[in-house]
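The file start26.pdb comes next; it holds PDB, C-alpha atoms.
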ATOM      1  CA  GLN I   1     121.287 111.841  95.279  1.00  0.00           C
ATOM      2  CA  VAL I   2     120.165 111.406  98.874  1.00  0.00           C
ATOM      3  CA  LEU I   3     118.989 108.114 100.264  1.00  0.00           C
ATOM      4  CA  LEU I   4     116.638 108.325 103.227  1.00  0.00           C
ATOM      5  CA  VAL I   5     115.952 105.366 105.472  1.00  0.00           C
ATOM      6  CA  GLU I   6     113.383 105.539 108.250  1.00  0.00           C
ATOM      7  CA  SER I   7     113.564 103.496 111.394  1.00  0.00           C
ATOM      8  CA  GLU I   8     110.993 100.837 112.029  1.00  0.00           C
ATOM      9  CA  GLY I   9     107.686 102.157 113.266  1.00  0.00           C
ATOM     10  CA  GLY I  10     105.453 100.004 115.355  1.00  0.00           C
ATOM     11  CA  LEU I  11     102.281  99.367 117.265  1.00  0.00           C
ATOM     12  CA  VAL I  12     101.640 101.499 120.320  1.00  0.00           C
ATOM     13  CA  GLN I  13      98.688 102.063 122.592  1.00  0.00           C
ATOM     14  CA  ALA I  14      96.877 105.357 122.658  1.00  0.00           C
ATOM     15  CA  GLY I  15      98.651 107.752 124.967  1.00  0.00           C
ATOM     16  CA  GLY I  16     101.994 106.127 124.318  1.00  0.00           C
ATOM     17  CA  SER I  17     105.142 107.429 122.692  1.00  0.00           C
ATOM     18  CA  LEU I  18     107.303 106.479 119.764  1.00  0.00           C
ATOM     19  CA  ARG I  19     110.392 108.017 118.207  1.00  0.00           C
ATOM     20  CA  LEU I  20     111.083 107.742 114.518  1.00  0.00           C
ATOM     21  CA  SER I  21     114.437 108.431 112.977  1.00  0.00           C
ATOM     22  CA  CYS I  22     115.486 109.001 109.399  1.00  0.00           C
ATOM     23  CA  ALA I  23     119.080 108.510 108.351  1.00  0.00           C
ATOM     24  CA  ALA I  24     120.354 110.266 105.246  1.00  0.00           C
ATOM     25  CA  SER I  25     123.243 109.331 103.020  1.00  0.00           C
ATOM     26  CA  GLY I  26     125.677 111.843 101.626  1.00  0.00           C
ATOM     27  CA  ARG I  27     127.843 114.647 102.947  1.00  0.00           C
ATOM     28  CA  THR I  28     125.472 117.556 102.379  1.00  0.00           C
ATOM     29  CA  PHE I  29     122.769 116.731 104.906  1.00  0.00           C
ATOM     30  CA  SER I  30     123.105 120.138 106.540  1.00  0.00           C
ATOM     31  CA  SER I  31     122.117 121.751 103.235  1.00  0.00           C
ATOM     32  CA  TYR I  32     118.675 120.180 103.383  1.00  0.00           C
ATOM     33  CA  ALA I  33     115.517 121.050 105.187  1.00  0.00           C
ATOM     34  CA  MET I  34     113.829 117.898 106.423  1.00  0.00           C
ATOM     35  CA  GLY I  35     110.190 117.037 106.757  1.00  0.00           C
ATOM     36  CA  TRP I  36     107.924 114.317 108.038  1.00  0.00           C
ATOM     37  CA  PHE I  37     104.718 113.508 106.215  1.00  0.00           C
ATOM     38  CA  ARG I  38     102.122 110.806 106.763  1.00  0.00           C
ATOM     39  CA  GLN I  39      99.425 109.005 104.839  1.00  0.00           C
ATOM     40  CA  ALA I  40      96.548 107.223 106.486  1.00  0.00           C
ATOM     41  CA  PRO I  41      94.515 104.580 104.637  1.00  0.00           C
ATOM     42  CA  GLY I  42      92.157 106.186 102.175  1.00  0.00           C
ATOM     43  CA  LYS I  43      93.570 109.648 102.748  1.00  0.00           C
ATOM     44  CA  GLU I  44      96.024 111.900 100.997  1.00  0.00           C
ATOM     45  CA  ARG I  45      99.521 112.347 102.289  1.00  0.00           C
ATOM     46  CA  GLU I  46      99.718 115.251 104.712  1.00  0.00           C
ATOM     47  CA  PHE I  47     102.357 117.422 106.311  1.00  0.00           C
ATOM     48  CA  VAL I  48     103.358 116.556 109.866  1.00  0.00           C
ATOM     49  CA  ALA I  49     106.479 118.531 110.757  1.00  0.00           C
ATOM     50  CA  ALA I  50     109.490 120.219 109.189  1.00  0.00           C
ATOM     51  CA  ILE I  51     112.834 121.556 110.315  1.00  0.00           C
ATOM     52  CA  ASN I  52     115.196 123.891 108.539  1.00  0.00           C
ATOM     53  CA  TRP I  53     118.807 123.094 107.697  1.00  0.00           C
ATOM     54  CA  SER I  54     120.229 124.289 111.021  1.00  0.00           C
ATOM     55  CA  GLY I  55     117.504 122.969 113.262  1.00  0.00           C
ATOM     56  CA  GLY I  56     116.637 126.440 114.433  1.00  0.00           C
ATOM     57  CA  VAL I  57     113.233 126.648 112.769  1.00  0.00           C
ATOM     58  CA  THR I  58     110.459 124.096 113.036  1.00  0.00           C
ATOM     59  CA  TYR I  59     106.862 123.870 111.888  1.00  0.00           C
ATOM     60  CA  TYR I  60     104.079 121.496 112.837  1.00  0.00           C
ATOM     61  CA  ALA I  61     100.659 120.556 111.618  1.00  0.00           C
ATOM     62  CA  ASP I  62      97.977 121.761 113.999  1.00  0.00           C
ATOM     63  CA  SER I  63      96.930 118.169 114.633  1.00  0.00           C
ATOM     64  CA  VAL I  64     100.309 117.269 116.171  1.00  0.00           C
ATOM     65  CA  LYS I  65     101.414 120.548 117.699  1.00  0.00           C
ATOM     66  CA  GLY I  66     102.332 120.109 121.343  1.00  0.00           C
ATOM     67  CA  ARG I  67     102.596 116.328 120.982  1.00  0.00           C
ATOM     68  CA  PHE I  68     105.255 115.787 118.323  1.00  0.00           C
ATOM     69  CA  THR I  69     108.777 117.194 118.204  1.00  0.00           C
ATOM     70  CA  ILE I  70     111.047 117.223 115.185  1.00  0.00           C
ATOM     71  CA  SER I  71     114.800 117.527 115.663  1.00  0.00           C
ATOM     72  CA  ARG I  72     117.976 116.835 113.748  1.00  0.00           C
ATOM     73  CA  ASP I  73     121.579 115.930 114.337  1.00  0.00           C
ATOM     74  CA  ASN I  74     123.638 117.110 111.388  1.00  0.00           C
ATOM     75  CA  ALA I  75     126.726 115.317 112.668  1.00  0.00           C
ATOM     76  CA  LYS I  76     124.813 112.043 112.390  1.00  0.00           C
ATOM     77  CA  ASN I  77     122.883 112.899 109.208  1.00  0.00           C
ATOM     78  CA  THR I  78     119.695 112.055 111.045  1.00  0.00           C
ATOM     79  CA  VAL I  79     116.327 113.654 111.652  1.00  0.00           C
ATOM     80  CA  TYR I  80     113.974 112.536 114.404  1.00  0.00           C
ATOM     81  CA  LEU I  81     110.283 112.685 115.132  1.00  0.00           C
ATOM     82  CA  GLN I  82     109.372 112.225 118.772  1.00  0.00           C
ATOM     83  CA  MET I  83     105.700 111.383 119.033  1.00  0.00           C
ATOM     84  CA  ASN I  84     103.991 111.619 122.421  1.00  0.00           C
ATOM     85  CA  SER I  85     100.382 111.270 123.533  1.00  0.00           C
ATOM     86  CA  LEU I  86      99.647 109.254 120.430  1.00  0.00           C
ATOM     87  CA  LYS I  87      96.072 108.929 119.248  1.00  0.00           C
ATOM     88  CA  PRO I  88      94.433 106.340 116.995  1.00  0.00           C
ATOM     89  CA  GLU I  89      94.087 109.033 114.339  1.00  0.00           C
ATOM     90  CA  ASP I  90      97.886 109.230 114.179  1.00  0.00           C
ATOM     91  CA  THR I  91      97.896 105.799 112.559  1.00  0.00           C
ATOM     92  CA  ALA I  92      99.563 106.156 109.175  1.00  0.00           C
ATOM     93  CA  VAL I  93     102.628 105.465 107.098  1.00  0.00           C
ATOM     94  CA  TYR I  94     105.205 108.086 108.035  1.00  0.00           C
ATOM     95  CA  CYS I  95     107.789 109.269 105.509  1.00  0.00           C
ATOM     96  CA  CYS I  96     110.721 111.578 105.870  1.00  0.00           C
ATOM     97  CA  ALA I  97     111.738 113.865 103.044  1.00  0.00           C
ATOM     98  CA  ALA I  98     114.620 116.159 102.157  1.00  0.00           C
ATOM     99  CA  ASP I  99     114.421 119.549 100.478  1.00  0.00           C
ATOM    100  CA  ARG I 100     117.644 121.180  99.308  1.00  0.00           C
ATOM    101  CA  THR I 101     116.883 124.633 100.580  1.00  0.00           C
ATOM    102  CA  LEU I 102     118.189 127.089 103.151  1.00  0.00           C
ATOM    103  CA  SER I 103     114.775 128.728 103.356  1.00  0.00           C
ATOM    104  CA  GLU I 104     113.047 129.173 106.688  1.00  0.00           C
ATOM    105  CA  ARG I 105     109.712 130.087 105.176  1.00  0.00           C
ATOM    106  CA  ARG I 106     106.710 128.195 106.462  1.00  0.00           C
ATOM    107  CA  THR I 107     105.164 127.916 103.010  1.00  0.00           C
ATOM    108  CA  VAL I 108     108.350 126.364 101.662  1.00  0.00           C
ATOM    109  CA  LEU I 109     109.018 123.863 104.408  1.00  0.00           C
ATOM    110  CA  ARG I 110     105.400 122.650 104.494  1.00  0.00           C
ATOM    111  CA  ALA I 111     105.119 122.114 100.731  1.00  0.00           C
ATOM    112  CA  GLN I 112     105.327 118.458  99.734  1.00  0.00           C
ATOM    113  CA  SER I 113     105.939 119.342  96.107  1.00  0.00           C
ATOM    114  CA  LEU I 114     109.215 121.082  96.959  1.00  0.00           C
ATOM    115  CA  TYR I 115     110.836 118.083  98.617  1.00  0.00           C
ATOM    116  CA  ASP I 116     113.411 116.384  96.448  1.00  0.00           C
ATOM    117  CA  TYR I 117     113.952 113.040  98.132  1.00  0.00           C
ATOM    118  CA  TRP I 118     111.670 110.696 100.031  1.00  0.00           C
ATOM    119  CA  GLY I 119     112.097 107.696 102.259  1.00  0.00           C
ATOM    120  CA  GLN I 120     110.053 104.582 101.696  1.00  0.00           C
ATOM    121  CA  GLY I 121     107.947 105.083 104.791  1.00  0.00           C
ATOM    122  CA  THR I 122     107.297 103.262 108.030  1.00  0.00           C
ATOM    123  CA  GLN I 123     104.014 102.129 109.533  1.00  0.00           C
ATOM    124  CA  VAL I 124     102.845 103.554 112.831  1.00  0.00           C
ATOM    125  CA  THR I 125      99.721 102.037 114.318  1.00  0.00           C
ATOM    126  CA  VAL I 126      98.063 103.415 117.427  1.00  0.00           C
ATOM    127  CA  SER I 127      95.523 101.182 119.104  1.00  0.00           C
ATOM    128  CA  SER I 128      92.652 102.526 121.174  1.00  0.00           C
TER
END
Reformat the file's structure so that it appears as structure tokens.
Amino acid sequence: QVLLVESEGGLVQAGGSLRLSCAASGRTFSSYAMGWFRQAPGKEREFVAAINWSGGVTYYADSVKGRFTISRDNAKNTVYLQMNSLKPEDTAVYCCAADRTLSERRTVLRAQSLYDYWGQGTQVTVSS
């Protein structure tokens, strides 16, 4: 069992930055790929970014590529999402998720259905 707890999100103006963190319980954090997903009102949850177990492989949704950066610190059992140049369309509830896999495959790390554990989510609101 892995418990994931996201940091508090917040309200930020368009063009601003925000960093989310997700702390994981347990001693096997480095065995998990980690992902960030988001769900905007009235929309389905979508993939944002993912990072493999070592931090050496990352993937991003096209909508955030070049603006968001996912990283992890296995010593601290924490994954981060640095969000820059935020846009109103980035407004959503952001969730982190853990997938017990050593895979580096894009299709695996982007697949919501393969993630085993989910955080409760944190609201990010970007004002125009």
task = Have a look at I:Pro88, I:Gly35, I:Gly119, I:Gly66 and name the one nearest to Ile51 (chain I); count all atoms listed in the file.
result = I:Gly35
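The interatomic distance for the pair CA of Gly55 (chain I) and CA of Phe37 (chain I) works out to 17.4 Å.
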ask   = When the PyMOL selection byres ((chain I and resi 38-46) around 9) is applied to the file above, which residues end up in the set, as a ChimeraX atom specification?
value = /I:36-37,47-48,61,89-96,112,121
Selection above as a file: C-alpha atoms, as an mmCIF file, keeping the file's coordinate frame:
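What landed in result04.cif:
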data_model
loop_
_atom_site.group_PDB
_atom_site.id
_atom_site.type_symbol
_atom_site.label_atom_id
_atom_site.label_comp_id
_atom_site.auth_asym_id
_atom_site.auth_seq_id
_atom_site.Cartn_x
_atom_site.Cartn_y
_atom_site.Cartn_z
ATOM 1 C CA TRP I 36 107.924 114.317 108.038
ATOM 2 C CA PHE I 37 104.718 113.508 106.215
ATOM 3 C CA PHE I 47 102.357 117.422 106.311
ATOM 4 C CA VAL I 48 103.358 116.556 109.866
ATOM 5 C CA ALA I 61 100.659 120.556 111.618
ATOM 6 C CA GLU I 89 94.087 109.033 114.339
ATOM 7 C CA ASP I 90 97.886 109.230 114.179
ATOM 8 C CA THR I 91 97.896 105.799 112.559
ATOM 9 C CA ALA I 92 99.563 106.156 109.175
ATOM 10 C CA VAL I 93 102.628 105.465 107.098
ATOM 11 C CA TYR I 94 105.205 108.086 108.035
ATOM 12 C CA CYS I 95 107.789 109.269 105.509
ATOM 13 C CA CYS I 96 110.721 111.578 105.870
ATOM 14 C CA GLN I 112 105.327 118.458 99.734
ATOM 15 C CA GLY I 121 107.947 105.083 104.791
#
Nearest candidate to Thr107 (chain I) (options I:Val12, I:Ser54, I:Tyr59, I:Leu18; using all atoms listed in the file) = I:Tyr59
Coordinates-based distance that separates CA of Arg100 (chain I) from CA of Gln123 (chain I) (Å, one decimal) =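 Separation of CA of Gln123 (chain I) and CA of Arg100 (chain I): 25.6 Å.
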How would region 35-63 of chain I look with N, CA and C atoms restored, written as a PDB file, keeping the file's coordinate frame?
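After the write, selection_6.pdb holds the following:
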ATOM      1  N   GLY I  35     111.594 117.060 106.377  1.00  0.00           N
ATOM      2  CA  GLY I  35     110.190 117.037 106.757  1.00  0.00           C
ATOM      3  C   GLY I  35     109.708 115.631 107.041  1.00  0.00           C
ATOM      4  N   TRP I  36     108.654 115.565 107.810  1.00  0.00           N
ATOM      5  CA  TRP I  36     107.924 114.317 108.038  1.00  0.00           C
ATOM      6  C   TRP I  36     106.512 114.508 107.501  1.00  0.00           C
ATOM      7  N   PHE I  37     106.059 113.514 106.764  1.00  0.00           N
ATOM      8  CA  PHE I  37     104.718 113.508 106.215  1.00  0.00           C
ATOM      9  C   PHE I  37     104.092 112.157 106.554  1.00  0.00           C
ATOM     10  N   ARG I  38     102.772 112.084 106.479  1.00  0.00           N
ATOM     11  CA  ARG I  38     102.122 110.806 106.763  1.00  0.00           C
ATOM     12  C   ARG I  38     100.917 110.613 105.853  1.00  0.00           C
ATOM     13  N   GLN I  39     100.590 109.344 105.652  1.00  0.00           N
ATOM     14  CA  GLN I  39      99.425 109.005 104.839  1.00  0.00           C
ATOM     15  C   GLN I  39      98.669 107.891 105.517  1.00  0.00           C
ATOM     16  N   ALA I  40      97.446 108.200 105.875  1.00  0.00           N
ATOM     17  CA  ALA I  40      96.548 107.223 106.486  1.00  0.00           C
ATOM     18  C   ALA I  40      95.781 106.511 105.381  1.00  0.00           C
ATOM     19  N   PRO I  41      95.277 105.322 105.659  1.00  0.00           N
ATOM     20  CA  PRO I  41      94.515 104.580 104.637  1.00  0.00           C
ATOM     21  C   PRO I  41      93.351 105.402 104.104  1.00  0.00           C
ATOM     22  N   GLY I  42      93.257 105.477 102.801  1.00  0.00           N
ATOM     23  CA  GLY I  42      92.157 106.186 102.175  1.00  0.00           C
ATOM     24  C   GLY I  42      92.262 107.695 102.190  1.00  0.00           C
ATOM     25  N   LYS I  43      93.397 108.203 102.667  1.00  0.00           N
ATOM     26  CA  LYS I  43      93.570 109.648 102.748  1.00  0.00           C
ATOM     27  C   LYS I  43      94.802 110.084 101.964  1.00  0.00           C
ATOM     28  N   GLU I  44      94.859 111.368 101.670  1.00  0.00           N
ATOM     29  CA  GLU I  44      96.024 111.900 100.997  1.00  0.00           C
ATOM     30  C   GLU I  44      97.168 112.089 101.988  1.00  0.00           C
ATOM     31  N   ARG I  45      98.355 112.097 101.444  1.00  0.00           N
ATOM     32  CA  ARG I  45      99.521 112.347 102.289  1.00  0.00           C
ATOM     33  C   ARG I  45      99.459 113.778 102.822  1.00  0.00           C
ATOM     34  N   GLU I  46      99.808 113.937 104.094  1.00  0.00           N
ATOM     35  CA  GLU I  46      99.718 115.251 104.712  1.00  0.00           C
ATOM     36  C   GLU I  46     101.004 115.602 105.440  1.00  0.00           C
ATOM     37  N   PHE I  47     101.211 116.885 105.587  1.00  0.00           N
ATOM     38  CA  PHE I  47     102.357 117.422 106.311  1.00  0.00           C
ATOM     39  C   PHE I  47     102.224 117.141 107.800  1.00  0.00           C
ATOM     40  N   VAL I  48     103.343 116.775 108.421  1.00  0.00           N
ATOM     41  CA  VAL I  48     103.358 116.556 109.866  1.00  0.00           C
ATOM     42  C   VAL I  48     104.258 117.583 110.551  1.00  0.00           C
ATOM     43  N   ALA I  49     105.521 117.635 110.113  1.00  0.00           N
ATOM     44  CA  ALA I  49     106.479 118.531 110.757  1.00  0.00           C
ATOM     45  C   ALA I  49     107.648 118.774 109.810  1.00  0.00           C
ATOM     46  N   ALA I  50     108.325 119.895 109.999  1.00  0.00           N
ATOM     47  CA  ALA I  50     109.490 120.219 109.189  1.00  0.00           C
ATOM     48  C   ALA I  50     110.505 120.976 110.024  1.00  0.00           C
ATOM     49  N   ILE I  51     111.751 120.884 109.609  1.00  0.00           N
ATOM     50  CA  ILE I  51     112.834 121.556 110.315  1.00  0.00           C
ATOM     51  C   ILE I  51     113.804 122.105 109.278  1.00  0.00           C
ATOM     52  N   ASN I  52     114.290 123.304 109.521  1.00  0.00           N
ATOM     53  CA  ASN I  52     115.196 123.891 108.539  1.00  0.00           C
ATOM     54  C   ASN I  52     116.584 123.287 108.662  1.00  0.00           C
ATOM     55  N   TRP I  53     117.495 123.720 107.813  1.00  0.00           N
ATOM     56  CA  TRP I  53     118.807 123.094 107.697  1.00  0.00           C
ATOM     57  C   TRP I  53     119.594 123.112 109.011  1.00  0.00           C
ATOM     58  N   SER I  54     119.437 124.155 109.796  1.00  0.00           N
ATOM     59  CA  SER I  54     120.229 124.289 111.021  1.00  0.00           C
ATOM     60  C   SER I  54     119.546 123.701 112.245  1.00  0.00           C
ATOM     61  N   GLY I  55     118.255 123.441 112.104  1.00  0.00           N
ATOM     62  CA  GLY I  55     117.504 122.969 113.262  1.00  0.00           C
ATOM     63  C   GLY I  55     116.905 124.081 114.087  1.00  0.00           C
ATOM     64  N   GLY I  56     117.108 125.309 113.659  1.00  0.00           N
ATOM     65  CA  GLY I  56     116.637 126.440 114.433  1.00  0.00           C
ATOM     66  C   GLY I  56     115.197 126.836 114.188  1.00  0.00           C
ATOM     67  N   VAL I  57     114.614 126.307 113.126  1.00  0.00           N
ATOM     68  CA  VAL I  57     113.233 126.648 112.769  1.00  0.00           C
ATOM     69  C   VAL I  57     112.450 125.368 112.553  1.00  0.00           C
ATOM     70  N   THR I  58     111.306 125.272 113.193  1.00  0.00           N
ATOM     71  CA  THR I  58     110.459 124.096 113.036  1.00  0.00           C
ATOM     72  C   THR I  58     109.011 124.519 112.808  1.00  0.00           C
ATOM     73  N   TYR I  59     108.287 123.662 112.128  1.00  0.00           N
ATOM     74  CA  TYR I  59     106.862 123.870 111.888  1.00  0.00           C
ATOM     75  C   TYR I  59     106.127 122.549 112.119  1.00  0.00           C
ATOM     76  N   TYR I  60     104.887 122.674 112.556  1.00  0.00           N
ATOM     77  CA  TYR I  60     104.079 121.496 112.837  1.00  0.00           C
ATOM     78  C   TYR I  60     102.673 121.672 112.283  1.00  0.00           C
ATOM     79  N   ALA I  61     102.084 120.551 111.923  1.00  0.00           N
ATOM     80  CA  ALA I  61     100.659 120.556 111.618  1.00  0.00           C
ATOM     81  C   ALA I  61      99.900 120.808 112.915  1.00  0.00           C
ATOM     82  N   ASP I  62      98.766 121.463 112.795  1.00  0.00           N
ATOM     83  CA  ASP I  62      97.977 121.761 113.999  1.00  0.00           C
ATOM     84  C   ASP I  62      97.601 120.493 114.754  1.00  0.00           C
ATOM     85  N   SER I  63      97.389 119.412 114.023  1.00  0.00           N
ATOM     86  CA  SER I  63      96.930 118.169 114.633  1.00  0.00           C
ATOM     87  C   SER I  63      97.984 117.514 115.525  1.00  0.00           C
TER      88      SER I  63
END
